[in-house]
Amino acid sequence: MTSVRILCASLVGLFLIFLKDNSKCCIVTGFLPPKPNISQLKAISDKQSLVVSWLGKRKDPVSDIYEIQISRTEKHTIIYSTNVSVSAGNSSEYTWTWISDLPLECADHSVRIRNLCNQSVASPWSNWITNYGVKENVKSKIFPIQRVLMEGTSAIFCCVPPQGVNITSMNVGSIQYPLMSIGARVKAVTVHNLTISKTLIKVLLLTCTEATGKENSVWNYISFPPQKPRNLSCATSDRATINCTWDSGRKRDPFDKNIQTHTLHIQNSNQAPIKCTPLGCTFPVVPQMQEYNISVVVKDMLGEEMESYSFNIADRVFPVLERVRVNPGVADANVSWSVMGNLTQMNLLCQVSTIPDSIIQLSCNSSSGLCKVTVDNLHPGMGYFTRVRCSVDGKFWGAWTQPTRFTTCPLVTLDLWRRIKQLSDSHIRHITLLWSPHVVSREAVNIQGYTLQWSHENQIQTELKDSEQRQTEVSIGPGKCEFTVQAVLRTGSSIPVRITIPPLNHTEIFLVRRRLKSTTAGGFSLSWDEQSFVTCGYTVEWCILGSVVPCTVQWLKLPKENNTVFLPAEHFKAGRRYSFHIYGCTENGHKLLEIQTGYSQELKSVQSPSLVYPVQSTSSSVTLEWHYNEDDPALPAFIIGYLVKVQEVGSDMLPGQAANCFEVTVADPLQKSVTFEGLHQNQEYICSISALTKEGPGIAASITIRTRRNYFAHIAKILIPILLLLACAFVLWPQRKMLKSGLREIFVYPAGMNIKTPEFDNYLYEMDQRLQSQRVEDCICCDIEILNIKPLLDETTTIGNPELTNTLCSTISQSALSITPSSCVVLQTDYHPQAAVVWDRPTPQQMTCITNKSYLHCCQELP
């Protein structure tokens, strides 16, 4: 009975289940949602996208939730999983798109889904649907290939090799990146922050290297996505067409493969989209339409951008002008133009600008569309540019026309200057008027002559000069005088120019004189102090040939705001002195302010100084004097000093040895004398003097002199010993008796020596006779040594060498030799004639050796 009850309950439950909606099935324990099926898997390779489609058969309005998984490679490695909520429908097909970071060609990608009921109970998974990657059997392939990639993003590049081939490296450009393994064979690299190449061809080269060394290469392109149009604006010039323009933003390279399209849509009309250029678009006016709502869409391979704009065509009318013509006069010009389109019914305002003058505004309501205006206050013979623009009701002005150049009728102007020469002891002044014509015209202008007029002391005088004359001379008194000069033309006269000569007693200001410094670049840079009393500018005057006579005057006029001017070097010659007179213009005439003198380039080859003769000299000094005119205007440079040299004539110098030289640089050009001390007496010297410039010494003037003998020194050498002897004699004269007795005691024979003076004299005489009678072969030599000894008073004198004493002749006694106590006489048997030699011995006693040339007999023959 119990079994029957259970069976009945089960049948009732099954019946109730089948009666319930499928949406509630997951509530009943033990029942799952049905297994979904993927109807389609579509791959979009250029976008690396997978589009998954499946069918939904739910009638319950409650939304369904599906879990979708993406796997990669044949092992179905899950790389992405997400939940997707879709609205329930009646037999609806659902789609979902997934974008892969790896190109789809690199590996197999599979998709499966399942249904989640109340986010708690899941249906079984659908079968895997696979999008297969590339299978290569011949050679390796690299993906992506020839695709446009976005700048600044990251990209994965893969290399798919044939079966059994190993990839060893992958290079992006010249950089090798670390390899990643995608499955068993595929290798890939990741490149971050892609940048556009700076080379001519904007490509990204990829190289894949196999283990065998074989390489395969492909390239891709890098670009940037479209930018939103900026400064979008629309206008019409004839109310027939509308022109819209915008700024496309960043400029694209001509070789960029990311091709853009620009399309204009009129949102409030049924007009078809209008293709445009990257910078603008033109389309016809929509009949009976005033308000326009437009949008500009920019598309390329990397994205899409759009900008909207609204306007009223009545407020966007910008007239366009054409056929602008100018008819110039002497001081004015007639300007005419026409307006495009039918705008005569509108209030048309136009502006005419003459560059660089002001703008003239006028109304232009001519039925013919032709407008005219006269531009006044122009300068004769001047070039101008004119341009025109117009507006409707003055709201929005059209663009300026291109400037039209014109030149007013030719005119001759004169540049007038004067030079004043005051006669000495007189009030008469000679005025030299100089003028220079300036013709402003492209065509030749015939000047027929000049009219000169001046007023002086209430008298007016007029003279006519021919067309070739450029100056004249006039003598005036001490009063103020005003000159006027005009050029006479075929069509009339030029504008008169005037210049005022101040009165003779006119107060002059303090004149400033300056010396200019030359530079290697040449030319002159002049500057002067501004003067408050100057009202009509400055004038710089100089002579074209410098200080060389005659003077051809050149002048340059400057406005009062300018107190500096640069005169280029091509107008001046090097080594020539120029003086610039700077005048200030006042109501009473021109005042001389400064005189500046200088050279565009100084030279060092200046003339030599003139020496003053005779040259003053002593036995130890020389004084050089010279003449030189350092203010001579013909000099090629300023004299800054002198270089003076005195060099000893080195006639007895050794080879390669320089003679003594004295050199002095005189820094003061006014100093023209130099004295050299410490020279040798009776010595020749070469003296040279050269003028110094900034560039160095010039030509030298030379002279050879000899210093005097110092006779005083020679006399002093002679007189000093004499004076010393006289002084000694003078001091010892009172003691003469005592000295005499002392000398006698010194020269007395020693005790025990019985030698008489007459006998000794006879002996010497006889000895002399014997010596004179000897022959060379019968004689012997005799060496006499005399020792100059200063013994003490209590010492006795002996013969210097006792060994040689035995060789003395027996007739010469010891007492006889003691007569000359400071000498030592030595006789030798072997003698040969020889010259007398005297030398000093370094022993404590001074010895003098004399070799005698006399002939003697042997000692046995002596008496």
# chains A, B, ... in the order shown; residues from 1 in each chain; ligands from 1
>>> residues_around(residues="Ile78 in chain A", least_positions_apart="5", cutoff="12 Å", atoms="only C-alpha atoms", output="VMD selection string")
chain A and resid 68 to 73 108 to 112 128
>>> residues_around(residues="Cys371 in chain A", least_positions_apart="5", cutoff="12 Å", atoms="only C-alpha atoms", output="ChimeraX atom specification")
/A:321-325,334-340,344,348-352,361-366,388-390
>>> write_last_selection(atoms="N, CA and C atoms", output="PDB file, in the first residue's frame")
ATOM      1  N   LEU A 321      35.281  89.718 -53.563  1.00  0.00           N
ATOM      2  CA  LEU A 321      35.521  90.789 -54.526  1.00  0.00           C
ATOM      3  C   LEU A 321      36.428  90.293 -55.645  1.00  0.00           C
ATOM      4  N   GLU A 322      36.333  90.966 -56.788  1.00  0.00           N
ATOM      5  CA  GLU A 322      37.164  90.621 -57.937  1.00  0.00           C
ATOM      6  C   GLU A 322      37.444  91.876 -58.751  1.00  0.00           C
ATOM      7  N   ARG A 323      38.414  91.772 -59.645  1.00  0.00           N
ATOM      8  CA  ARG A 323      38.797  92.844 -60.563  1.00  0.00           C
ATOM      9  C   ARG A 323      39.087  94.154 -59.820  1.00  0.00           C
ATOM     10  N   VAL A 324      40.034  94.077 -58.864  1.00  0.00           N
ATOM     11  CA  VAL A 324      40.451  95.292 -58.165  1.00  0.00           C
ATOM     12  C   VAL A 324      41.453  96.028 -59.047  1.00  0.00           C
ATOM     13  N   ARG A 325      41.177  97.305 -59.339  1.00  0.00           N
ATOM     14  CA  ARG A 325      42.035  98.129 -60.195  1.00  0.00           C
ATOM     15  C   ARG A 325      42.401  99.403 -59.459  1.00  0.00           C
ATOM     16  N   ASN A 334      42.878 106.231 -57.522  1.00  0.00           N
ATOM     17  CA  ASN A 334      41.496 105.798 -57.639  1.00  0.00           C
ATOM     18  C   ASN A 334      41.454 104.276 -57.636  1.00  0.00           C
ATOM     19  N   VAL A 335      40.692 103.692 -56.695  1.00  0.00           N
ATOM     20  CA  VAL A 335      40.579 102.247 -56.537  1.00  0.00           C
ATOM     21  C   VAL A 335      39.159 101.834 -56.888  1.00  0.00           C
ATOM     22  N   SER A 336      39.028 100.771 -57.722  1.00  0.00           N
ATOM     23  CA  SER A 336      37.707 100.258 -58.105  1.00  0.00           C
ATOM     24  C   SER A 336      37.717  98.736 -58.002  1.00  0.00           C
ATOM     25  N   TRP A 337      36.518  98.141 -57.779  1.00  0.00           N
ATOM     26  CA  TRP A 337      36.372  96.695 -57.654  1.00  0.00           C
ATOM     27  C   TRP A 337      34.922  96.308 -57.909  1.00  0.00           C
ATOM     28  N   SER A 338      34.665  95.000 -58.068  1.00  0.00           N
ATOM     29  CA  SER A 338      33.314  94.477 -58.264  1.00  0.00           C
ATOM     30  C   SER A 338      33.068  93.353 -57.279  1.00  0.00           C
ATOM     31  N   VAL A 339      31.765  93.104 -56.980  1.00  0.00           N
ATOM     32  CA  VAL A 339      31.364  92.115 -55.988  1.00  0.00           C
ATOM     33  C   VAL A 339      30.727  90.929 -56.705  1.00  0.00           C
ATOM     34  N   MET A 340      31.159  89.713 -56.333  1.00  0.00           N
ATOM     35  CA  MET A 340      30.596  88.509 -56.925  1.00  0.00           C
ATOM     36  C   MET A 340      29.199  88.240 -56.359  1.00  0.00           C
ATOM     37  N   THR A 344      23.235  93.059 -54.564  1.00  0.00           N
ATOM     38  CA  THR A 344      22.874  94.488 -54.664  1.00  0.00           C
ATOM     39  C   THR A 344      21.663  94.827 -53.805  1.00  0.00           C
ATOM     40  N   LEU A 348      25.531  96.858 -48.471  1.00  0.00           N
ATOM     41  CA  LEU A 348      26.914  96.420 -48.653  1.00  0.00           C
ATOM     42  C   LEU A 348      27.863  97.528 -48.202  1.00  0.00           C
ATOM     43  N   LEU A 349      28.722  97.197 -47.225  1.00  0.00           N
ATOM     44  CA  LEU A 349      29.756  98.108 -46.754  1.00  0.00           C
ATOM     45  C   LEU A 349      31.128  97.552 -47.159  1.00  0.00           C
ATOM     46  N   CYS A 350      32.046  98.453 -47.567  1.00  0.00           N
ATOM     47  CA  CYS A 350      33.382  98.031 -47.999  1.00  0.00           C
ATOM     48  C   CYS A 350      34.449  98.879 -47.323  1.00  0.00           C
ATOM     49  N   GLN A 351      35.610  98.301 -47.163  1.00  0.00           N
ATOM     50  CA  GLN A 351      36.778  98.976 -46.582  1.00  0.00           C
ATOM     51  C   GLN A 351      37.950  98.875 -47.558  1.00  0.00           C
ATOM     52  N   VAL A 352      38.682  99.997 -47.697  1.00  0.00           N
ATOM     53  CA  VAL A 352      39.855 100.061 -48.557  1.00  0.00           C
ATOM     54  C   VAL A 352      41.045 100.443 -47.689  1.00  0.00           C
ATOM     55  N   GLN A 361      36.362 103.554 -45.192  1.00  0.00           N
ATOM     56  CA  GLN A 361      35.139 102.748 -45.243  1.00  0.00           C
ATOM     57  C   GLN A 361      34.064 103.514 -45.998  1.00  0.00           C
ATOM     58  N   LEU A 362      33.315 102.804 -46.857  1.00  0.00           N
ATOM     59  CA  LEU A 362      32.267 103.452 -47.655  1.00  0.00           C
ATOM     60  C   LEU A 362      31.170 102.449 -47.943  1.00  0.00           C
ATOM     61  N   SER A 363      29.988 102.967 -48.317  1.00  0.00           N
ATOM     62  CA  SER A 363      28.859 102.123 -48.722  1.00  0.00           C
ATOM     63  C   SER A 363      28.932 101.909 -50.222  1.00  0.00           C
ATOM     64  N   CYS A 364      28.574 100.689 -50.624  1.00  0.00           N
ATOM     65  CA  CYS A 364      28.621 100.334 -52.039  1.00  0.00           C
ATOM     66  C   CYS A 364      27.294  99.673 -52.402  1.00  0.00           C
ATOM     67  N   ASN A 365      26.369 100.452 -53.002  1.00  0.00           N
ATOM     68  CA  ASN A 365      25.054  99.946 -53.380  1.00  0.00           C
ATOM     69  C   ASN A 365      24.807 100.125 -54.873  1.00  0.00           C
ATOM     70  N   SER A 366      25.870 100.044 -55.657  1.00  0.00           N
ATOM     71  CA  SER A 366      25.738 100.212 -57.093  1.00  0.00           C
ATOM     72  C   SER A 366      24.998  99.023 -57.693  1.00  0.00           C
ATOM     73  N   VAL A 388      40.981  95.348 -50.419  1.00  0.00           N
ATOM     74  CA  VAL A 388      39.580  95.706 -50.181  1.00  0.00           C
ATOM     75  C   VAL A 388      38.866  94.498 -49.589  1.00  0.00           C
ATOM     76  N   ARG A 389      37.894  94.780 -48.727  1.00  0.00           N
ATOM     77  CA  ARG A 389      36.982  93.751 -48.226  1.00  0.00           C
ATOM     78  C   ARG A 389      35.614  94.387 -48.007  1.00  0.00           C
ATOM     79  N   CYS A 390      34.577  93.530 -48.030  1.00  0.00           N
ATOM     80  CA  CYS A 390      33.216  94.031 -47.880  1.00  0.00           C
ATOM     81  C   CYS A 390      32.446  93.176 -46.890  1.00  0.00           C
TER      82      CYS A 390
END
>>> select_by_dssp(residues="range 364-460 of chain A", states="strand (DSSP E)", output="JSON, numbers by chain")
{"A": [370, 371, 372, 373, 374, 375, 383, 384, 385, 386, 387, 388, 389, 390, 391, 392, 404, 405, 406, 407, 411, 412, 413, 414, 415, 416, 417, 418, 419, 420, 421, 422, 429, 430, 431, 432, 433, 434, 435, 436, 437, 438, 439, 440, 447, 448, 449, 450, 451, 452, 453, 454, 455, 456, 459, 460]}
>>> closest_residue(among="A:Ile686, A:Tyr642, A:Gly303, A:Ser494", to="Ala667 in chain A", atoms="only C-alpha atoms")
A:Tyr642
>>> atom_distance(atom1="CA of Ala184 in chain A", atom2="CA of Tyr221 in chain A")
28.9 Å
>>> residues_around(residues="Leu558 in chain A", least_positions_apart="2", cutoff="10 Å", atoms="only C-alpha atoms", output="list in words")
Cys536, Gly537, Tyr538, Thr539, Val540, Leu556, Lys560, Glu561, Asn562, Asn563, Thr564, Val565, Gly584 and Cys585 of chain A
>>> closest_residue(among="A:Gln596, A:Leu149, A:Lys214, A:Asp101", to="Asn193 in chain A", atoms="only C-alpha atoms")
A:Leu149
>>> residues_around(residues="Thr413 in chain A", least_positions_apart="6", cutoff="7 Å", atoms="only C-alpha atoms", output="PyMOL selection string")
chain A and resi 437-439+494-495
>>> closest_residue(among="A:Val615, A:Val189, A:Ile476, A:Leu206", to="Ile145 in chain A", atoms="only C-alpha atoms")
A:Leu206
>>> atom_distance(atom1="CA of Ser100 in chain A", atom2="CA of Leu302 in chain A")
15.8 Å
>>> atom_distance(atom1="CA of Leu423 in chain A", atom2="CA of Lys465 in chain A")
25.7 Å
>>> residues_around(residues="Thr386 in chain A", least_positions_apart="6", cutoff="8 Å", atoms="only C-alpha atoms", output="PyMOL selection string")
chain A and resi 352-355+403-406
>>> closest_residue(among="A:Leu204, A:Ala314, A:Ala188, A:Leu378", to="Ile222 in chain A", atoms="only C-alpha atoms")
A:Leu204
>>> closest_residue(among="A:Leu416, A:Ile720, A:Val298, A:Val534", to="Ser248 in chain A", atoms="only C-alpha atoms")
A:Val298
